[in-house]
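Text of entry-v6.pdb, listed as PDB, C-alpha atoms:
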```pdb
ATOM      1  CA  MET B   1       8.157   9.450   6.977  1.00  0.00           C
ATOM      2  CA  GLU B   2      10.872  11.237   8.906  1.00  0.00           C
ATOM      3  CA  VAL B   3      13.489   8.921  10.437  1.00  0.00           C
ATOM      4  CA  ILE B   4      15.433  10.258  13.429  1.00  0.00           C
ATOM      5  CA  VAL B   5      18.429   8.197  14.536  1.00  0.00           C
ATOM      6  CA  LYS B   6      20.064   8.986  17.902  1.00  0.00           C
ATOM      7  CA  SER B   7      22.909   7.280  19.713  1.00  0.00           C
ATOM      8  CA  ARG B   8      24.254   7.105  23.254  1.00  0.00           C
ATOM      9  CA  GLY B   9      27.495   5.488  24.248  1.00  0.00           C
ATOM     10  CA  VAL B  10      28.450   4.662  20.674  1.00  0.00           C
ATOM     11  CA  GLU B  11      29.803   6.543  17.661  1.00  0.00           C
ATOM     12  CA  LEU B  12      27.124   6.487  14.976  1.00  0.00           C
ATOM     13  CA  GLY B  13      28.828   5.836  11.643  1.00  0.00           C
ATOM     14  CA  ASP B  14      27.325   6.500   8.228  1.00  0.00           C
ATOM     15  CA  GLY B  15      27.031   2.774   7.473  1.00  0.00           C
ATOM     16  CA  LEU B  16      24.990   2.073  10.606  1.00  0.00           C
ATOM     17  CA  ARG B  17      22.818   5.160  10.080  1.00  0.00           C
ATOM     18  CA  GLU B  18      22.072   4.165   6.452  1.00  0.00           C
ATOM     19  CA  TYR B  19      21.312   0.584   7.536  1.00  0.00           C
ATOM     20  CA  VAL B  20      18.818   1.747  10.156  1.00  0.00           C
ATOM     21  CA  GLU B  21      17.150   4.290   7.842  1.00  0.00           C
ATOM     22  CA  ARG B  22      16.820   1.740   5.021  1.00  0.00           C
ATOM     23  CA  LYS B  23      15.269  -0.862   7.339  1.00  0.00           C
ATOM     24  CA  VAL B  24      12.895   1.574   9.069  1.00  0.00           C
ATOM     25  CA  ASN B  25      11.685   3.093   5.778  1.00  0.00           C
ATOM     26  CA  LYS B  26      10.396  -0.361   4.776  1.00  0.00           C
ATOM     27  CA  LEU B  27       7.737  -0.056   7.494  1.00  0.00           C
ATOM     28  CA  ASP B  28       5.814   2.321   5.218  1.00  0.00           C
ATOM     29  CA  ARG B  29       4.523  -0.667   3.251  1.00  0.00           C
ATOM     30  CA  PHE B  30       2.879  -2.076   6.385  1.00  0.00           C
ATOM     31  CA  LEU B  31       1.427   1.180   7.700  1.00  0.00           C
ATOM     32  CA  PRO B  32       1.544   4.265   5.463  1.00  0.00           C
ATOM     33  CA  ASP B  33       0.139   6.510   8.249  1.00  0.00           C
ATOM     34  CA  ILE B  34       3.537   6.771  10.002  1.00  0.00           C
ATOM     35  CA  ARG B  35       4.708  10.383  10.370  1.00  0.00           C
ATOM     36  CA  GLU B  36       7.918   9.859  12.302  1.00  0.00           C
ATOM     37  CA  ALA B  37      10.210   7.051  13.367  1.00  0.00           C
ATOM     38  CA  GLU B  38      12.651   7.641  16.217  1.00  0.00           C
ATOM     39  CA  VAL B  39      15.449   5.109  16.672  1.00  0.00           C
ATOM     40  CA  ASP B  40      17.659   5.212  19.778  1.00  0.00           C
ATOM     41  CA  LEU B  41      20.826   3.138  19.620  1.00  0.00           C
ATOM     42  CA  ILE B  42      22.390   2.680  23.053  1.00  0.00           C
ATOM     43  CA  VAL B  43      25.479   0.869  24.250  1.00  0.00           C
ATOM     44  CA  GLN B  44      25.587   0.341  28.022  1.00  0.00           C
ATOM     45  CA  LYS B  45      28.164  -1.203  30.253  1.00  0.00           C
ATOM     46  CA  THR B  46      26.473  -4.268  31.707  1.00  0.00           C
ATOM     47  CA  ARG B  47      27.550  -7.510  33.287  1.00  0.00           C
ATOM     48  CA  SER B  48      26.244  -9.386  30.284  1.00  0.00           C
ATOM     49  CA  ALA B  49      27.767  -8.436  26.945  1.00  0.00           C
ATOM     50  CA  GLU B  50      24.768 -10.127  25.309  1.00  0.00           C
ATOM     51  CA  ALA B  51      22.443  -7.362  26.601  1.00  0.00           C
ATOM     52  CA  SER B  52      24.680  -4.338  26.259  1.00  0.00           C
ATOM     53  CA  GLN B  53      23.546  -3.043  22.846  1.00  0.00           C
ATOM     54  CA  ILE B  54      20.011  -1.706  22.784  1.00  0.00           C
ATOM     55  CA  ALA B  55      17.752  -0.582  19.938  1.00  0.00           C
ATOM     56  CA  GLN B  56      14.585   1.336  20.850  1.00  0.00           C
ATOM     57  CA  ILE B  57      12.220   2.160  17.998  1.00  0.00           C
ATOM     58  CA  THR B  58       9.212   4.455  18.402  1.00  0.00           C
ATOM     59  CA  LEU B  59       6.772   5.144  15.561  1.00  0.00           C
ATOM     60  CA  ARG B  60       4.333   8.028  15.686  1.00  0.00           C
ATOM     61  CA  GLY B  61       1.458   8.051  13.262  1.00  0.00           C
ATOM     62  CA  ASN B  62      -1.692   9.893  12.410  1.00  0.00           C
ATOM     63  CA  ARG B  63      -4.629   9.844  14.826  1.00  0.00           C
ATOM     64  CA  GLY B  64      -2.351   9.454  17.865  1.00  0.00           C
ATOM     65  CA  LEU B  65      -0.944   6.053  16.921  1.00  0.00           C
ATOM     66  CA  VAL B  66       2.275   5.171  18.798  1.00  0.00           C
ATOM     67  CA  VAL B  67       4.082   1.863  18.316  1.00  0.00           C
ATOM     68  CA  ARG B  68       7.232   1.065  20.301  1.00  0.00           C
ATOM     69  CA  ALA B  69       9.667  -1.827  20.577  1.00  0.00           C
ATOM     70  CA  GLU B  70      12.977  -2.387  22.323  1.00  0.00           C
ATOM     71  CA  GLU B  71      15.536  -5.140  21.910  1.00  0.00           C
ATOM     72  CA  ARG B  72      18.843  -5.939  23.639  1.00  0.00           C
ATOM     73  CA  SER B  73      21.594  -8.097  22.241  1.00  0.00           C
ATOM     74  CA  GLY B  74      25.338  -8.198  21.710  1.00  0.00           C
ATOM     75  CA  ASP B  75      25.118  -6.503  18.290  1.00  0.00           C
ATOM     76  CA  LEU B  76      23.358  -3.247  17.378  1.00  0.00           C
ATOM     77  CA  ARG B  77      22.290  -4.425  13.917  1.00  0.00           C
ATOM     78  CA  SER B  78      20.670  -7.579  15.265  1.00  0.00           C
ATOM     79  CA  SER B  79      18.981  -5.507  17.999  1.00  0.00           C
ATOM     80  CA  VAL B  80      17.543  -3.254  15.275  1.00  0.00           C
ATOM     81  CA  ASP B  81      16.392  -6.257  13.207  1.00  0.00           C
ATOM     82  CA  VAL B  82      14.611  -7.957  16.117  1.00  0.00           C
ATOM     83  CA  ALA B  83      13.011  -4.681  17.259  1.00  0.00           C
ATOM     84  CA  LEU B  84      11.730  -4.121  13.704  1.00  0.00           C
ATOM     85  CA  ASP B  85      10.280  -7.648  13.654  1.00  0.00           C
ATOM     86  CA  LYS B  86       8.428  -6.838  16.887  1.00  0.00           C
ATOM     87  CA  ILE B  87       7.108  -3.594  15.370  1.00  0.00           C
ATOM     88  CA  GLU B  88       5.888  -5.424  12.244  1.00  0.00           C
ATOM     89  CA  ARG B  89       3.934  -7.899  14.392  1.00  0.00           C
ATOM     90  CA  GLN B  90       2.426  -5.034  16.408  1.00  0.00           C
ATOM     91  CA  ILE B  91       1.388  -3.221  13.219  1.00  0.00           C
ATOM     92  CA  LYS B  92      -0.228  -6.353  11.778  1.00  0.00           C
ATOM     93  CA  ARG B  93      -2.106  -6.958  15.036  1.00  0.00           C
ATOM     94  CA  TYR B  94      -3.225  -3.297  15.116  1.00  0.00           C
ATOM     95  CA  LYS B  95      -4.408  -3.389  11.516  1.00  0.00           C
ATOM     96  CA  GLY B  96      -6.376  -6.582  12.130  1.00  0.00           C
ATOM     97  CA  LYS B  97      -8.136  -5.162  15.181  1.00  0.00           C
ATOM     98  CA  HIS B  98      -8.653  -1.773  13.533  1.00  0.00           C
ATOM     99  CA  TRP B  99     -10.136  -3.335  10.385  1.00  0.00           C
ATOM    100  CA  ALA B 100     -12.474  -5.604  12.371  1.00  0.00           C
ATOM    101  CA  SER B 101     -13.719  -2.769  14.569  1.00  0.00           C
ATOM    102  CA  GLN B 102     -14.348  -0.564  11.522  1.00  0.00           C
ATOM    103  CA  GLN B 103     -16.401  -3.328   9.893  1.00  0.00           C
ATOM    104  CA  GLN B 104     -18.487  -3.826  13.043  1.00  0.00           C
ATOM    105  CA  GLN B 105     -19.035  -0.085  13.399  1.00  0.00           C
ATOM    106  CA  GLN B 106     -20.166   0.252   9.769  1.00  0.00           C
ATOM    107  CA  GLN B 107     -22.552  -2.682  10.157  1.00  0.00           C
ATOM    108  CA  ARG B 108     -24.075  -1.221  13.350  1.00  0.00           C
ATOM    109  CA  GLN B 109     -24.424   2.182  11.676  1.00  0.00           C
ATOM    110  CA  ALA B 110     -26.238   0.660   8.674  1.00  0.00           C
ATOM    111  CA  GLU B 111     -28.590  -1.261  10.978  1.00  0.00           C
ATOM    112  CA  ASN B 112     -29.331   1.905  12.997  1.00  0.00           C
ATOM    113  CA  GLU B 113     -30.009   3.911   9.834  1.00  0.00           C
ATOM    114  CA  MET B 114     -32.381   1.218   8.583  1.00  0.00           C
ATOM    115  CA  GLU B 115     -34.280   1.144  11.891  1.00  0.00           C
ATOM    116  CA  ALA B 116     -34.485   4.963  11.945  1.00  0.00           C
ATOM    117  CA  ALA B 117     -35.837   5.033   8.393  1.00  0.00           C
ATOM    118  CA  VAL B 118     -38.454   2.404   9.257  1.00  0.00           C
ATOM    119  CA  GLU B 119     -39.575   4.369  12.325  1.00  0.00           C
ATOM    120  CA  GLU B 120     -39.568   7.686  10.466  1.00  0.00           C
ATOM    121  CA  MET B 121     -41.783   6.358   7.711  1.00  0.00           C
ATOM    122  CA  GLY B 122     -44.113   4.698  10.226  1.00  0.00           C
ATOM    123  CA  MET B 123     -43.662   1.348   8.555  1.00  0.00           C
ATOM    124  CA  GLU B 124     -43.291  -2.123   9.901  1.00  0.00           C
ATOM    125  CA  PRO B 125     -39.958  -3.734   9.021  1.00  0.00           C
ATOM    126  CA  GLU B 126     -41.695  -6.288   6.772  1.00  0.00           C
ATOM    127  CA  GLU B 127     -43.192  -3.605   4.519  1.00  0.00           C
ATOM    128  CA  GLU B 128     -41.429  -2.570   1.344  1.00  0.00           C
ATOM    129  CA  PHE B 129     -39.863   0.855   1.003  1.00  0.00           C
ATOM    130  CA  PRO B 130     -41.167   2.989  -1.814  1.00  0.00           C
ATOM    131  CA  GLY B 131     -38.001   4.160  -3.501  1.00  0.00           C
ATOM    132  CA  GLN B 132     -36.269   5.443  -6.505  1.00  0.00           C
ATOM    133  CA  VAL B 133     -32.782   5.003  -7.863  1.00  0.00           C
ATOM    134  CA  VAL B 134     -30.694   7.817  -6.410  1.00  0.00           C
ATOM    135  CA  ARG B 135     -27.290   6.670  -7.615  1.00  0.00           C
ATOM    136  CA  VAL B 136     -25.968   4.583 -10.479  1.00  0.00           C
ATOM    137  CA  LYS B 137     -22.516   3.143 -10.157  1.00  0.00           C
ATOM    138  CA  GLU B 138     -20.681   1.472 -13.013  1.00  0.00           C
ATOM    139  CA  PHE B 139     -17.736  -0.761 -12.354  1.00  0.00           C
ATOM    140  CA  TYR B 140     -15.366  -2.902 -14.342  1.00  0.00           C
ATOM    141  CA  THR B 141     -15.097  -6.586 -13.621  1.00  0.00           C
ATOM    142  CA  ARG B 142     -13.279  -9.582 -14.956  1.00  0.00           C
ATOM    143  CA  PRO B 143     -14.150 -13.261 -14.747  1.00  0.00           C
ATOM    144  CA  MET B 144     -13.084 -14.898 -11.470  1.00  0.00           C
ATOM    145  CA  ASP B 145     -13.907 -17.818  -9.204  1.00  0.00           C
ATOM    146  CA  VAL B 146     -15.700 -17.661  -5.850  1.00  0.00           C
ATOM    147  CA  GLU B 147     -12.514 -17.688  -3.734  1.00  0.00           C
ATOM    148  CA  GLU B 148     -11.053 -14.738  -5.645  1.00  0.00           C
ATOM    149  CA  ALA B 149     -14.350 -12.844  -5.344  1.00  0.00           C
ATOM    150  CA  ILE B 150     -14.327 -13.340  -1.559  1.00  0.00           C
ATOM    151  CA  GLU B 151     -10.738 -12.103  -1.445  1.00  0.00           C
ATOM    152  CA  GLN B 152     -11.677  -9.014  -3.478  1.00  0.00           C
ATOM    153  CA  MET B 153     -14.672  -8.338  -1.207  1.00  0.00           C
ATOM    154  CA  GLU B 154     -12.449  -8.541   1.885  1.00  0.00           C
ATOM    155  CA  LEU B 155      -9.801  -6.291   0.331  1.00  0.00           C
ATOM    156  CA  LEU B 156     -12.461  -3.690  -0.466  1.00  0.00           C
ATOM    157  CA  GLY B 157     -14.042  -4.004   2.975  1.00  0.00           C
ATOM    158  CA  HIS B 158     -17.531  -4.543   1.524  1.00  0.00           C
ATOM    159  CA  ASP B 159     -20.320  -6.795   2.781  1.00  0.00           C
ATOM    160  CA  PHE B 160     -21.072  -8.147  -0.703  1.00  0.00           C
ATOM    161  CA  PHE B 161     -19.354  -8.391  -4.076  1.00  0.00           C
ATOM    162  CA  ILE B 162     -20.836  -8.878  -7.562  1.00  0.00           C
ATOM    163  CA  PHE B 163     -18.652 -10.765 -10.024  1.00  0.00           C
ATOM    164  CA  TYR B 164     -18.731 -12.758 -13.251  1.00  0.00           C
ATOM    165  CA  ASN B 165     -18.417 -16.369 -12.125  1.00  0.00           C
ATOM    166  CA  ILE B 166     -16.112 -18.411 -14.398  1.00  0.00           C
ATOM    167  CA  ASN B 167     -17.667 -21.646 -13.114  1.00  0.00           C
ATOM    168  CA  THR B 168     -21.263 -20.755 -14.086  1.00  0.00           C
ATOM    169  CA  ASN B 169     -20.577 -18.253 -16.900  1.00  0.00           C
ATOM    170  CA  ASN B 170     -23.008 -15.869 -15.239  1.00  0.00           C
ATOM    171  CA  TYR B 171     -22.999 -13.070 -12.717  1.00  0.00           C
ATOM    172  CA  SER B 172     -22.987 -14.100  -9.050  1.00  0.00           C
ATOM    173  CA  VAL B 173     -22.896 -12.369  -5.670  1.00  0.00           C
ATOM    174  CA  VAL B 174     -20.862 -13.335  -2.606  1.00  0.00           C
ATOM    175  CA  TYR B 175     -21.833 -11.827   0.732  1.00  0.00           C
ATOM    176  CA  ARG B 176     -20.735 -11.880   4.354  1.00  0.00           C
ATOM    177  CA  ARG B 177     -23.150 -13.701   6.669  1.00  0.00           C
ATOM    178  CA  SER B 178     -23.769 -12.737  10.287  1.00  0.00           C
ATOM    179  CA  ASP B 179     -22.430 -16.145  11.403  1.00  0.00           C
ATOM    180  CA  GLU B 180     -18.957 -15.114  10.088  1.00  0.00           C
ATOM    181  CA  GLY B 181     -19.336 -17.304   6.977  1.00  0.00           C
ATOM    182  CA  TYR B 182     -20.006 -16.365   3.376  1.00  0.00           C
ATOM    183  CA  GLY B 183     -23.013 -16.791   1.120  1.00  0.00           C
ATOM    184  CA  LEU B 184     -23.196 -17.176  -2.649  1.00  0.00           C
ATOM    185  CA  LEU B 185     -26.135 -16.059  -4.805  1.00  0.00           C
ATOM    186  CA  LEU B 186     -26.453 -17.783  -8.186  1.00  0.00           C
ATOM    187  CA  PRO B 187     -29.205 -16.060 -10.208  1.00  0.00           C
ATOM    188  CA  GLU B 188     -31.238 -18.101 -12.703  1.00  0.00           C
ATOM    189  CA  LEU B 189     -33.630 -16.721 -15.297  1.00  0.00           C
ATOM    190  CA  VAL B 190     -37.190 -18.046 -15.090  1.00  0.00           C
TER     191      VAL B 190
END
```

Represent the structure contained in this file as structure tokens.
Amino acid sequence: MEVIVKSRGVELGDGLREYVERKVNKLDRFLPDIREAEVDLIVQKTRSAEASQIAQITLRGNRGLVVRAEERSGDLRSSVDVALDKIERQIKRYKGKHWASQQQQQQRQAENEMEAAVEEMGMEPEEEFPGQVVRVKEFYTRPMDVEEAIEQMELLGHDFFIFYNINTNNYSVVYRRSDEGYGLLLPELV
């Protein structure tokens, strides 16, 4: 990420520039898609000394993402800190909305593909699909409990997750239900 620091009405010393660059570079851990961060540090003559030092931060990311925050205070460093806090909250809110909309879009797409396949084959939805295995995927797993499996499923963005359940000493499946809850499948041999 490229960090551009500009100033108006104040001499920008090396210490302040390094402080701003160090703080802004930490935003990469929240949103790695940031291409450029522009920081404007402004000192204005105002009636209130408490609002005379302004930090404006603008982030530009991939896919047209722009995040901006401004803060006024009596100290440039505290203005930068508060503006960065605002940016972090905006990024977290964006990521939450973005993640949720991606999940909904993937679910709708899967439902549409299933309906199209049913129509194309001239089958009723209750009929079974004749099929063959077209892909085999191996994966490594370690024993975990249900809560950790749900966390792993959410981190991966999947609708289900197969895991070795430490409580039952057997493989289990957690899945996301349409009512926003979770389900647990506990297979038993018959």

Open item on the list: Can you spell out as a list in words the set of residues that the PyMOL selection byres ((chain B and resi 146-150) around 9) selects in the structure I just provided?
Closed with: Met144, Asp145, Glu151, Gln152, Met153, Glu154, Leu155, Phe160, Phe161, Ile162, Phe163, Asn165, Ile166, Asn167, Ser172, Val173, Val174, Tyr175, Arg176, Tyr182 and Leu184 of chain B

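Between Tyr94 in chain B and the residues B:Leu31, B:Ala51, B:Leu185, B:Leu12, the shortest atom-to-atom distance, using only C-alpha atoms, involves B:Leu31.
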
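The interatomic distance for the pair CA of Leu186 in chain B and CA of Gln132 in chain B works out to 25.3 Å.
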
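Coordinates place CA of Gly96 in chain B at a distance of 24.0 Å from CA of Gln56 in chain B.
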
If the PyMOL selection byres ((chain B and resi 67) around 9) is run on the structure shown, which residues does it catch, given as a PDB file with C-alpha atoms, in the coordinates of the input?
```
ATOM      1  CA  ILE B  57      12.220   2.160  17.998  1.00  0.00           C
ATOM      2  CA  THR B  58       9.212   4.455  18.402  1.00  0.00           C
ATOM      3  CA  LEU B  59       6.772   5.144  15.561  1.00  0.00           C
ATOM      4  CA  ARG B  60       4.333   8.028  15.686  1.00  0.00           C
ATOM      5  CA  GLY B  61       1.458   8.051  13.262  1.00  0.00           C
ATOM      6  CA  LEU B  65      -0.944   6.053  16.921  1.00  0.00           C
ATOM      7  CA  VAL B  66       2.275   5.171  18.798  1.00  0.00           C
ATOM      8  CA  ARG B  68       7.232   1.065  20.301  1.00  0.00           C
ATOM      9  CA  ALA B  69       9.667  -1.827  20.577  1.00  0.00           C
ATOM     10  CA  ILE B  87       7.108  -3.594  15.370  1.00  0.00           C
ATOM     11  CA  GLN B  90       2.426  -5.034  16.408  1.00  0.00           C
ATOM     12  CA  ILE B  91       1.388  -3.221  13.219  1.00  0.00           C
TER      13      ILE B  91
END
```

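One finds CA of Tyr140 in chain B at 19.5 Å from CA of Pro187 in chain B.
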
- [ ] List every protein, DNA or RNA residue that has at least one atom no more than 12 Å from (12.7, -7.3, 14.8) in the file's coordinates, counting only C-alpha atoms, and write the result as a ChimeraX atom specification.
- [x] /B:20,23-24,27,55-57,68-73,76-90

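Counting only C-alpha atoms and comparing B:Val136, B:Ile4, B:Ile34, B:Glu113, the residue that lies closest to Glu21 in chain B is B:Ile4.
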
Task: Nearest residue to Asn169 in chain B from the set B:Gly183, B:Lys92, B:Gly131, B:Pro143 (distances using all atoms listed in the file) - done: B:Pro143

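Residue nearest Ser52 in chain B, chosen from B:Lys137, B:Arg142, B:Arg17, B:Arg8 and counting all atoms listed in the file: B:Arg8.
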